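Trainee: Next up, query_34.csv (CSV, C-alpha atoms and all ligand atoms).
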chain,number,residue,atom,x,y,z
A,20,MET,CA,28.5,25.5,54.7
A,21,SER,CA,29.0,22.8,57.3
A,22,TYR,CA,29.8,24.8,60.4
A,23,PRO,CA,29.8,24.0,63.2
A,24,ILE,CA,31.9,21.0,62.4
A,25,GLU,CA,31.2,19.4,65.8
A,26,ARG,CA,27.6,19.1,66.9
A,27,PRO,CA,27.5,17.7,70.4
A,28,ARG,CA,23.7,18.3,70.4
A,29,ARG,CA,23.3,15.1,68.3
A,30,LEU,CA,23.9,13.0,71.4
A,31,ARG,CA,21.4,15.0,73.4
A,32,LYS,CA,18.5,14.6,71.0
A,33,SER,CA,16.4,12.1,72.8
A,34,GLU,CA,16.2,10.5,76.2
A,35,THR,CA,17.3,7.2,74.6
A,36,ILE,CA,20.5,8.7,73.1
A,37,ARG,CA,21.1,10.6,76.3
A,38,ARG,CA,20.9,7.4,78.2
A,39,MET,CA,23.5,5.8,75.9
A,40,ALA,CA,25.9,8.7,76.2
A,41,ARG,CA,25.5,9.0,80.0
A,42,GLU,CA,28.9,9.0,81.8
A,43,THR,CA,27.7,8.6,85.4
A,44,VAL,CA,24.8,6.4,86.5
A,45,LEU,CA,23.7,6.1,90.1
A,46,THR,CA,22.9,2.6,91.4
A,47,PRO,CA,21.4,1.6,94.8
A,48,ALA,CA,24.7,0.0,95.7
A,49,ASP,CA,26.1,3.5,95.8
A,50,PHE,CA,24.1,4.5,98.9
A,51,ILE,CA,24.6,4.1,102.7
A,52,MET,CA,21.7,5.2,104.9
A,53,PRO,CA,22.4,7.0,108.2
A,54,LEU,CA,20.1,6.0,111.1
A,55,PHE,CA,19.9,7.5,114.6
A,56,THR,CA,19.1,5.1,117.4
A,57,ILE,CA,17.7,5.6,120.9
A,58,SER,CA,16.7,3.3,123.7
A,59,GLY,CA,13.2,1.9,124.3
A,60,LYS,CA,10.6,0.1,122.2
A,61,ASN,CA,8.5,1.4,119.4
A,62,LYS,CA,9.9,4.9,119.8
A,63,ARG,CA,10.1,7.3,116.9
A,64,GLU,CA,11.2,11.0,117.4
A,65,PRO,CA,11.2,13.1,114.2
A,66,VAL,CA,14.2,15.4,113.8
A,67,GLU,CA,12.7,18.8,113.2
A,68,ALA,CA,15.6,20.1,111.2
A,69,MET,CA,15.7,17.0,108.9
A,70,PRO,CA,12.3,16.3,107.5
A,71,GLY,CA,11.8,12.6,106.9
A,72,VAL,CA,14.5,11.6,109.4
A,73,ALA,CA,13.7,10.3,112.9
A,74,ARG,CA,15.5,8.9,115.9
A,75,MET,CA,14.3,5.4,116.5
A,76,SER,CA,14.5,2.6,119.0
A,77,ALA,CA,16.3,-0.6,117.9
A,78,ASP,CA,13.1,-2.4,116.9
A,79,LEU,CA,12.1,0.3,114.5
A,80,ILE,CA,15.7,0.7,113.2
A,81,ALA,CA,15.5,-3.0,112.3
A,82,LYS,CA,12.2,-2.5,110.5
A,83,GLU,CA,13.6,0.5,108.6
A,84,ALA,CA,16.8,-1.4,107.7
A,85,LYS,CA,14.7,-4.3,106.4
A,86,ASN,CA,12.6,-2.0,104.2
A,87,ALA,CA,15.7,-0.2,102.9
A,88,PHE,CA,17.4,-3.5,102.1
A,89,ALA,CA,14.3,-4.7,100.3
A,90,VAL,CA,14.3,-1.8,97.9
A,91,GLY,CA,18.1,-2.2,97.3
A,92,VAL,CA,20.0,-0.1,99.8
A,93,PRO,CA,23.0,-2.3,100.8
A,94,ALA,CA,24.2,-0.5,104.0
A,95,ILE,CA,23.3,1.6,107.0
A,96,ILE,CA,25.5,3.6,109.3
A,97,LEU,CA,24.3,3.8,112.9
A,98,PHE,CA,24.6,6.8,115.3
A,99,GLY,CA,23.6,6.3,118.9
A,100,ILE,CA,22.0,8.8,121.2
A,101,PRO,CA,22.2,7.3,124.7
A,102,ASP,CA,19.8,8.2,127.6
A,103,HIS,CA,22.7,9.2,129.7
A,104,LYS,CA,25.8,11.0,128.5
A,105,ASP,CA,28.9,11.3,130.6
A,106,ALA,CA,32.4,12.8,130.5
A,107,VAL,CA,33.9,9.8,128.8
A,108,GLY,CA,30.9,8.5,126.7
A,109,SER,CA,30.7,5.1,128.5
A,110,ASP,CA,27.5,4.1,126.8
A,111,SER,CA,29.5,3.8,123.5
A,112,TRP,CA,31.3,0.7,124.7
A,113,SER,CA,28.6,-0.8,126.9
A,114,GLU,CA,27.4,-4.3,125.9
A,115,ASN,CA,23.9,-3.0,126.1
A,116,GLY,CA,24.6,0.4,124.6
A,117,VAL,CA,22.1,1.9,122.2
A,118,VAL,CA,24.2,1.1,119.1
A,119,GLN,CA,25.0,-2.4,120.3
A,120,ASN,CA,21.3,-3.2,120.7
A,121,ALA,CA,20.5,-1.7,117.3
A,122,ILE,CA,23.2,-3.8,115.6
A,123,LYS,CA,21.8,-7.0,117.1
A,124,ALA,CA,18.3,-6.1,116.1
A,125,VAL,CA,19.3,-5.3,112.5
A,126,LYS,CA,21.4,-8.4,112.2
A,127,ASP,CA,18.4,-10.5,113.5
A,128,ALA,CA,16.0,-8.9,111.0
A,129,VAL,CA,18.2,-8.7,107.9
A,130,PRO,CA,21.5,-10.5,108.3
A,131,GLU,CA,22.7,-9.5,104.8
A,132,MET,CA,22.5,-5.8,105.5
A,133,CYS,CA,25.9,-4.3,105.9
A,134,VAL,CA,26.0,-2.5,109.3
A,135,ILE,CA,28.4,0.3,109.7
A,136,CYS,CA,28.9,2.1,113.0
A,137,ASP,CA,30.1,5.6,113.4
A,138,VAL,CA,32.9,5.7,116.0
A,139,CYS,CA,33.2,8.9,117.9
A,140,MET,CA,32.7,10.2,121.4
A,141,CYS,CA,30.5,13.3,120.7
A,142,GLU,CA,27.1,11.6,120.7
A,143,TYR,CA,28.0,10.0,124.1
A,144,THR,CA,29.8,12.7,126.0
A,145,ASP,CA,28.0,15.3,128.2
A,146,HIS,CA,30.3,18.0,126.9
A,147,GLY,CA,29.7,17.1,123.2
A,148,HIS,CA,33.3,16.9,122.1
A,149,CYS,CA,34.7,14.1,120.1
A,150,GLY,CA,37.2,13.0,122.8
A,151,VAL,CA,38.3,13.1,126.4
A,152,ILE,CA,38.8,16.5,127.9
A,153,LYS,CA,42.1,17.2,129.7
A,154,HIS,CA,43.1,20.7,130.7
A,155,GLY,CA,40.2,22.2,128.8
A,156,GLU,CA,41.2,20.5,125.5
A,157,VAL,CA,40.4,17.3,123.7
A,158,ASP,CA,43.3,14.9,124.5
A,159,ASN,CA,44.3,13.0,121.5
A,160,ASP,CA,46.0,9.9,122.9
A,161,ALA,CA,43.6,9.4,125.8
A,162,THR,CA,40.8,9.4,123.3
A,163,LEU,CA,42.4,6.7,121.1
A,164,GLU,CA,42.0,4.1,123.8
A,165,LEU,CA,38.3,4.8,124.0
A,166,LEU,CA,37.8,4.8,120.3
A,167,ALA,CA,39.5,1.4,120.2
A,168,LYS,CA,37.3,0.1,123.0
A,169,GLN,CA,34.2,1.4,121.2
A,170,SER,CA,35.2,-0.2,117.9
A,171,VAL,CA,35.8,-3.6,119.5
A,172,SER,CA,32.5,-3.4,121.3
A,173,PHE,CA,30.7,-2.6,118.0
A,174,ALA,CA,32.5,-5.5,116.3
A,175,LYS,CA,31.6,-7.8,119.1
A,176,ALA,CA,27.9,-6.8,118.7
A,177,GLY,CA,28.1,-7.8,115.0
A,178,ALA,CA,29.0,-4.6,113.0
A,179,ASP,CA,30.6,-5.2,109.6
A,180,ILE,CA,32.5,-1.9,109.4
A,181,VAL,CA,33.5,0.7,111.9
A,182,ALA,CA,33.8,4.3,110.8
A,183,PRO,CA,35.8,6.6,113.0
A,184,SER,CA,34.7,10.3,112.6
A,185,ASP,CA,36.6,11.9,115.5
A,186,MET,CA,39.7,13.2,113.6
A,187,MET,CA,42.2,12.2,116.3
A,188,ASP,CA,45.7,11.5,115.0
A,189,GLY,CA,46.6,7.8,114.9
A,190,ARG,CA,43.1,6.5,115.4
A,191,ILE,CA,43.1,4.1,112.5
A,192,SER,CA,46.1,2.1,113.7
A,193,ALA,CA,44.8,2.2,117.3
A,194,ILE,CA,41.5,0.8,116.2
A,195,ARG,CA,43.1,-1.8,113.8
A,196,ASP,CA,45.5,-3.0,116.5
A,197,ALA,CA,42.7,-3.3,119.1
A,198,MET,CA,40.3,-5.2,116.7
A,199,ASP,CA,43.1,-7.5,115.5
A,200,ALA,CA,44.1,-8.3,119.1
A,201,GLU,CA,40.5,-9.4,119.8
A,202,GLY,CA,40.3,-11.5,116.6
A,203,TYR,CA,38.2,-9.1,114.5
A,204,LEU,CA,40.5,-9.3,111.5
A,205,ASP,CA,37.7,-9.1,109.0
A,206,ILE,CA,36.0,-6.0,110.3
A,207,ALA,CA,36.8,-3.2,107.9
A,208,ILE,CA,37.5,0.5,108.7
A,209,LEU,CA,35.8,3.3,106.9
A,210,ALA,CA,37.9,6.3,107.8
A,211,TYR,CA,36.4,9.8,107.9
A,212,SER,CA,39.8,10.9,106.6
A,213,ALA,CA,39.2,14.4,105.4
A,214,LYS,CA,36.5,15.6,107.7
A,215,TYR,CA,36.2,19.4,107.8
A,216,ALA,CA,35.1,21.7,110.6
A,217,SER,CA,31.8,22.6,108.8
A,218,GLY,CA,28.7,24.6,109.3
A,219,PHE,CA,26.8,22.0,107.3
A,220,TYR,CA,26.6,19.7,110.4
A,221,GLY,CA,24.1,21.9,112.1
A,222,PRO,CA,21.0,19.7,111.7
A,223,PHE,CA,22.9,16.5,112.7
A,224,ARG,CA,23.8,18.1,116.0
A,225,GLU,CA,20.1,18.6,116.7
A,226,ALA,CA,19.5,14.9,115.7
A,227,ALA,CA,22.3,13.6,117.9
A,228,GLY,CA,22.1,16.2,120.7
A,229,SER,CA,25.9,16.6,120.2
A,230,ALA,CA,26.6,20.3,119.9
A,231,PRO,CA,29.8,21.0,121.9
A,232,GLN,CA,29.0,22.7,125.2
A,233,PHE,CA,32.0,24.9,125.0
A,234,GLY,CA,34.4,25.9,122.2
A,235,ASP,CA,34.1,24.2,118.8
A,236,ARG,CA,35.7,21.4,116.8
A,237,ARG,CA,38.3,23.4,114.8
A,238,GLY,CA,41.1,22.0,116.9
A,239,TYR,CA,40.7,18.6,115.4
A,240,GLN,CA,38.5,18.8,112.3
A,241,MET,CA,40.1,20.1,109.2
A,242,ASP,CA,40.2,23.7,108.1
A,243,PRO,CA,37.8,24.1,105.1
A,244,PRO,CA,40.3,25.9,102.8
A,245,ASN,CA,42.8,23.1,102.8
A,246,VAL,CA,43.1,20.3,100.2
A,247,ARG,CA,46.8,19.3,100.4
A,248,GLU,CA,46.2,18.5,104.0
A,249,ALA,CA,43.3,16.2,103.0
A,250,LEU,CA,45.7,14.2,100.9
A,251,ARG,CA,48.0,14.0,103.9
A,252,GLU,CA,45.2,12.7,106.1
A,253,VAL,CA,44.3,10.2,103.4
A,254,ARG,CA,47.9,9.0,103.1
A,255,LEU,CA,48.2,8.5,106.8
A,256,ASP,CA,44.9,6.6,107.1
A,257,LEU,CA,45.9,4.4,104.2
A,258,GLU,CA,49.3,3.7,105.9
A,259,GLU,CA,47.5,2.9,109.1
A,260,GLY,CA,45.2,0.4,107.4
A,261,ALA,CA,42.0,2.2,106.3
A,262,ASP,CA,39.9,0.0,104.0
A,263,ILE,CA,37.8,2.9,102.7
A,264,VAL,CA,38.6,6.6,102.9
A,265,MET,CA,35.9,9.4,103.2
A,266,VAL,CA,35.6,13.1,102.4
A,267,LYS,CA,33.0,15.0,104.4
A,268,PRO,CA,31.0,17.2,103.7
A,269,ALA,CA,30.5,16.5,100.0
A,270,MET,CA,28.9,19.4,98.1
A,271,ALA,CA,31.4,22.2,99.0
A,272,TYR,CA,34.3,19.7,98.7
A,273,MET,CA,33.8,18.1,95.3
A,274,ASP,CA,37.4,19.0,94.3
A,275,VAL,CA,38.7,17.2,97.5
A,276,ILE,CA,36.7,14.1,96.5
A,277,ARG,CA,38.3,14.2,93.0
A,278,ARG,CA,41.8,14.7,94.4
A,279,VAL,CA,41.4,11.9,96.9
A,280,ALA,CA,39.9,9.6,94.2
A,281,GLU,CA,43.0,10.2,92.1
A,282,ILE,CA,45.5,9.0,94.8
A,283,SER,CA,43.5,6.4,96.7
A,284,ASP,CA,43.8,2.7,95.9
A,285,VAL,CA,40.8,1.8,98.1
A,286,PRO,CA,37.2,2.9,97.6
A,287,VAL,CA,36.3,6.5,98.3
A,288,ALA,CA,33.2,7.5,100.2
A,289,ALA,CA,31.6,10.9,100.5
A,290,TYR,CA,29.2,12.1,103.2
A,291,ASN,CA,26.3,14.1,101.8
A,292,VAL,CA,25.7,15.7,105.3
A,293,SER,CA,22.7,16.9,107.2
A,294,GLY,CA,22.9,20.6,106.2
A,295,GLU,CA,23.1,19.6,102.5
A,296,TYR,CA,19.9,17.6,102.9
A,297,SER,CA,18.0,20.1,105.0
A,298,MET,CA,18.7,23.0,102.6
A,299,VAL,CA,17.1,21.1,99.8
A,300,LYS,CA,14.2,20.0,101.9
A,301,ALA,CA,13.5,23.6,103.1
A,302,ALA,CA,13.7,25.1,99.6
A,303,ALA,CA,11.5,22.3,98.2
A,304,GLU,CA,8.9,22.9,101.0
A,305,LYS,CA,8.7,26.5,99.9
A,306,GLY,CA,8.2,25.3,96.3
A,307,TRP,CA,11.5,26.9,95.2
A,308,ILE,CA,13.1,23.8,93.8
A,309,ASP,CA,12.2,20.2,92.8
A,310,GLU,CA,13.5,18.0,95.6
A,311,LYS,CA,13.8,14.8,93.5
A,312,ARG,CA,15.5,16.4,90.6
A,313,VAL,CA,17.9,18.4,92.8
A,314,ALA,CA,18.7,15.5,95.1
A,315,LEU,CA,19.6,13.2,92.2
A,316,GLU,CA,21.7,16.0,90.6
A,317,ILE,CA,23.6,16.4,93.8
A,318,LEU,CA,24.2,12.6,94.3
A,319,THR,CA,25.2,12.3,90.6
A,320,GLY,CA,27.6,15.1,91.1
A,321,ILE,CA,29.2,13.5,94.1
A,322,LYS,CA,29.6,10.3,92.2
A,323,ARG,CA,31.0,12.1,89.1
A,324,ALA,CA,33.5,13.8,91.4
A,325,GLY,CA,34.9,10.4,92.3
A,326,ALA,CA,32.9,8.9,95.2
A,327,ASP,CA,32.3,5.1,95.0
A,328,MET,CA,29.9,5.3,98.0
A,329,ILE,CA,27.7,8.0,99.2
A,330,LEU,CA,26.3,8.4,102.8
A,331,THR,CA,23.0,10.2,102.3
A,332,TYR,CA,19.7,10.8,104.1
A,333,TRP,CA,18.1,10.3,100.7
A,334,ALA,CA,19.4,6.7,100.4
A,335,LYS,CA,16.0,5.0,100.4
A,336,GLU,CA,14.1,7.6,98.4
A,337,ALA,CA,16.9,7.9,95.9
A,338,THR,CA,17.0,4.2,95.5
A,339,GLU,CA,13.2,4.3,94.8
A,340,TRP,CA,13.6,7.2,92.4
A,341,ILE,CA,16.3,5.5,90.3
A,342,THR,CA,14.8,2.1,90.2
A,343,ILE,CA,11.0,2.8,89.8
A,344,ARG,CA,10.6,5.1,86.9
A,401,LIG,C1,30.6,13.0,114.6
A,401,LIG,C2,29.8,13.1,113.4
A,401,LIG,C3,29.2,14.2,112.9
A,401,LIG,C4,28.5,13.9,111.7
A,401,LIG,C5,28.8,12.6,111.5
A,401,LIG,N1,29.6,12.1,112.5
A,401,LIG,C6,29.0,15.5,113.5
A,401,LIG,C7,30.1,16.4,113.8
A,401,LIG,O1,31.3,16.2,113.6
A,401,LIG,O2,29.8,17.5,114.4
A,401,LIG,C8,27.8,14.8,110.8
A,401,LIG,C9,26.9,14.2,109.8
A,401,LIG,C10,25.9,15.2,109.2
A,401,LIG,O3,25.9,16.4,109.4
A,401,LIG,O4,25.0,14.6,108.5
A,401,LIG,N2,30.3,11.8,115.3
Would you mind writing the file's structure down as structure tokens?
Mentor:
Amino acid sequence: MSYPIERPRRLRKSETIRRMARETVLTPADFIMPLFTISGKNKREPVEAMPGVARMSADLIAKEAKNAFAVGVPAIILFGIPDHKDAVGSDSWSENGVVQNAIKAVKDAVPEMCVICDVCMCEYTDHGHCGVIKHGEVDNDATLELLAKQSVSFAKAGADIVAPSDMMDGRISAIRDAMDAEGYLDIAILAYSAKYASGFYGPFREAAGSAPQFGDRRGYQMDPPNVREALREVRLDLEEGADIVMVKPAMAYMDVIRRVAEISDVPVAAYNVSGEYSMVKAAAEKGWIDEKRVALEILTGIKRAGADMILTYWAKEATEWITIR
């Protein structure tokens, strides 16, 4: 009797064989580390809802970036929290804005680090929406001009990649045109193409102080049940010149990542967002799950789904976990 004929367990017998048969392997180059920057010097404000994450002044951001690059993290994405927010988010395109200062500090400290900047109005506006308000609503076309202005300003400060997360229609071409007109032909665009109106952004909004003061973001961010629409958003962003397309959040949208990976001829990124991180942190603090094991399982799952790059608050720790065994 030789049943069963197939015995898949043979390839699971030892860690050595499992290593040989492994289909998906995380590497440090997969990770992009999000950082929140504020004004001042030597300032560090822990984000309560995101243990291990803090808002930092430019000098400390530069130190953090240097340490991350030293262990193998290739990129950071910067979010700015200005001292003064206003109706149009003017700090976001100011030459001495919080992000502009952080870009310069990072580039001084570690020029090889890839610096990505989130492009959006919500961290800079007093009403917390991702665009300009007209007649009580976020006005698409008026917002495009400001996103373009913001992108050019980040490029001028030294950013390598700009990453629009606002979900206005036509933003990729508006940003591309503006950057090209100013000579920033080599600055890439990472488009948050399929960004859903998600409850998983809760902790981020504490970190960035960007919760909308009225209404919500469902008028511009995508409706969670939709996947065909995600493919449409990706198609449009590719036509408009996106260099990388992104799906966000990641865990509840693995099928979307897979579908996008199947049609995209540019790299696909996925954002392992704040709520996905904080849930694991909270459960681990209670001793209910093993943080390292679960975090690596989540990141591996996101990569297996089709992501080439993963934005994650675990970037530095995960790099240490997978390189120092
Ligand atoms: C908007 C932006 C958000 C996140 C990244 N860019 C918040 C939002 O849309 O409300 C969320 C990231 C996270 O939750 O980790 N600029």
Trainee: Taking only C-alpha atoms and all ligand atoms into account, which residues are within 8 Å of ligand LIG 401 (chain A), as a PyMOL selection string?
Mentor: chain A and resi 98+137-142+149+183-185+214+216-217+219-224+229-230+236+240+268+290-294+331-332
Trainee: Could you please take those selected residues and save C-alpha atoms as a CSV table (one decimal), in the frame of the given file?
Mentor:
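The resulting file, out-v6.csv, is reproduced below:
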chain,number,residue,atom,x,y,z
A,98,PHE,CA,24.6,6.8,115.3
A,137,ASP,CA,30.1,5.6,113.4
A,138,VAL,CA,32.9,5.7,116.0
A,139,CYS,CA,33.2,8.9,117.9
A,140,MET,CA,32.7,10.2,121.4
A,141,CYS,CA,30.5,13.3,120.7
A,142,GLU,CA,27.1,11.6,120.7
A,149,CYS,CA,34.7,14.1,120.1
A,183,PRO,CA,35.8,6.6,113.0
A,184,SER,CA,34.7,10.3,112.6
A,185,ASP,CA,36.6,11.9,115.5
A,214,LYS,CA,36.5,15.6,107.7
A,216,ALA,CA,35.1,21.7,110.6
A,217,SER,CA,31.8,22.6,108.8
A,219,PHE,CA,26.8,22.0,107.3
A,220,TYR,CA,26.6,19.7,110.4
A,221,GLY,CA,24.1,21.9,112.1
A,222,PRO,CA,21.0,19.7,111.7
A,223,PHE,CA,22.9,16.5,112.7
A,224,ARG,CA,23.8,18.1,116.0
A,229,SER,CA,25.9,16.6,120.2
A,230,ALA,CA,26.6,20.3,119.9
A,236,ARG,CA,35.7,21.4,116.8
A,240,GLN,CA,38.5,18.8,112.3
A,268,PRO,CA,31.0,17.2,103.7
A,290,TYR,CA,29.2,12.1,103.2
A,291,ASN,CA,26.3,14.1,101.8
A,292,VAL,CA,25.7,15.7,105.3
A,293,SER,CA,22.7,16.9,107.2
A,294,GLY,CA,22.9,20.6,106.2
A,331,THR,CA,23.0,10.2,102.3
A,332,TYR,CA,19.7,10.8,104.1
Trainee: Give me, please, the distance in Å between CA of Glu310 (chain A) and CA of Ala87 (chain A), quoted to one decimal.
Mentor: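 Computing the Euclidean distance for CA of Glu310 (chain A) and CA of Ala87 (chain A) yields 19.7 Å.
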Trainee: List the residues sitting within 9 Å of (40.7, 21.3, 101.5) in the file's frame, using only C-alpha atoms, as a CSV table (one decimal) with C-alpha atoms, in the coordinates of the input.
Mentor:
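Here's the written file part_11.csv:
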chain,number,residue,atom,x,y,z
A,213,ALA,CA,39.2,14.4,105.4
A,215,TYR,CA,36.2,19.4,107.8
A,241,MET,CA,40.1,20.1,109.2
A,242,ASP,CA,40.2,23.7,108.1
A,243,PRO,CA,37.8,24.1,105.1
A,244,PRO,CA,40.3,25.9,102.8
A,245,ASN,CA,42.8,23.1,102.8
A,246,VAL,CA,43.1,20.3,100.2
A,247,ARG,CA,46.8,19.3,100.4
A,248,GLU,CA,46.2,18.5,104.0
A,249,ALA,CA,43.3,16.2,103.0
A,250,LEU,CA,45.7,14.2,100.9
A,272,TYR,CA,34.3,19.7,98.7
A,274,ASP,CA,37.4,19.0,94.3
A,275,VAL,CA,38.7,17.2,97.5
Trainee: Which residues are near Ile341 (chain A)? Cut-off 9 Å, all atoms listed in the file, ignore same chain within fewer than 5 positions. Put them as JSON, numbers by chain.
Mentor: {"A": [45, 46, 47, 315, 336]}
Trainee: Please produce a file of the residues just selected, as a PDB file, in the frame of the given file, where the atoms kept are C-alpha atoms.
Mentor:
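Written file, out-v5.pdb:
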ATOM      1  CA  LEU A  45      23.700   6.100  90.100  1.00  0.00           C
ATOM      2  CA  THR A  46      22.900   2.600  91.400  1.00  0.00           C
ATOM      3  CA  PRO A  47      21.400   1.600  94.800  1.00  0.00           C
ATOM      4  CA  LEU A 315      19.600  13.200  92.200  1.00  0.00           C
ATOM      5  CA  GLU A 336      14.100   7.600  98.400  1.00  0.00           C
TER       6      GLU A 336
END
Trainee: Quick one: of A:Ser109, A:Val253, A:Tyr239, A:Arg323, who's nearest to Arg41 (chain A), counting all atoms listed in the file?
Mentor: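 Among the listed residues, the smallest separation from Arg41 (chain A) belongs to A:Arg323.
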Trainee: Given the point (26.9, 0.3, 119.2) in the file's coordinates, find the residues that have an atom at most 9 Å from it, counting only C-alpha atoms, and give them as a list of chain:residue names.
Mentor: A:Leu97, A:Phe98, A:Gly99, A:Asp110, A:Ser111, A:Trp112, A:Ser113, A:Glu114, A:Asn115, A:Gly116, A:Val117, A:Val118, A:Gln119, A:Asn120, A:Ala121, A:Ile122, A:Cys136, A:Asp137, A:Val138, A:Gln169, A:Ser170, A:Ser172, A:Phe173, A:Ala174, A:Ala176, A:Ala178
Trainee: Can you work out which one of A:Asp309, A:Thr56, A:His148, A:Met328 has the shortest atom-to-atom distance to Pro286 (chain A), counting all atoms listed in the file?
Mentor: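 Checking each candidate against Pro286 (chain A), we get A:Met328 as the closest.
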Trainee: Measuring between only C-alpha atoms, which one of A:Gly320, A:Pro231, A:Gly260, A:Gly306 shows the shortest distance to Met273 (chain A)?
Mentor: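 Of the candidates, the smallest distance to Met273 (chain A) is held by A:Gly320.
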Trainee: May I ask for the distance between CA of Gly91 (chain A) and CA of Phe50 (chain A), given in Å to one decimal place?
Mentor: 9.1 Å
Trainee: Of the residues A:Ala193, A:Ala303, A:Ala334, A:Val285, which is the one nearest to Leu54 (chain A), using only C-alpha atoms?
Mentor: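 Ranking A:Ala193, A:Ala303, A:Ala334, A:Val285 by distance to Leu54 (chain A), first place goes to A:Ala334.
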Trainee: Quick check, in Å to one decimal: how far apart do CA of Val299 (chain A) and CA of Ala314 (chain A) lie?
Mentor: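 Taking CA of Val299 (chain A) and CA of Ala314 (chain A), their separation equals 7.5 Å.
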Trainee: Write out as a short mmCIF file (atom, residue, chain, number, x, y, z; two decimals) with C-alpha atoms, keeping the file's coordinate frame each polymer residue whose atoms come within 10 Å of Val129 (chain A), counting all atoms listed in the file; drop sequence neighbours fewer than 6 positions from it.
Mentor:
data_model
loop_
_atom_site.label_atom_id
_atom_site.label_comp_id
_atom_site.auth_asym_id
_atom_site.auth_seq_id
_atom_site.Cartn_x
_atom_site.Cartn_y
_atom_site.Cartn_z
CA ALA A 81 15.50 -3.00 112.30
CA LYS A 82 12.20 -2.50 110.50
CA ALA A 84 16.80 -1.40 107.70
CA LYS A 85 14.70 -4.30 106.40
CA ASN A 86 12.60 -2.00 104.20
CA PHE A 88 17.40 -3.50 102.10
CA ALA A 89 14.30 -4.70 100.30
#
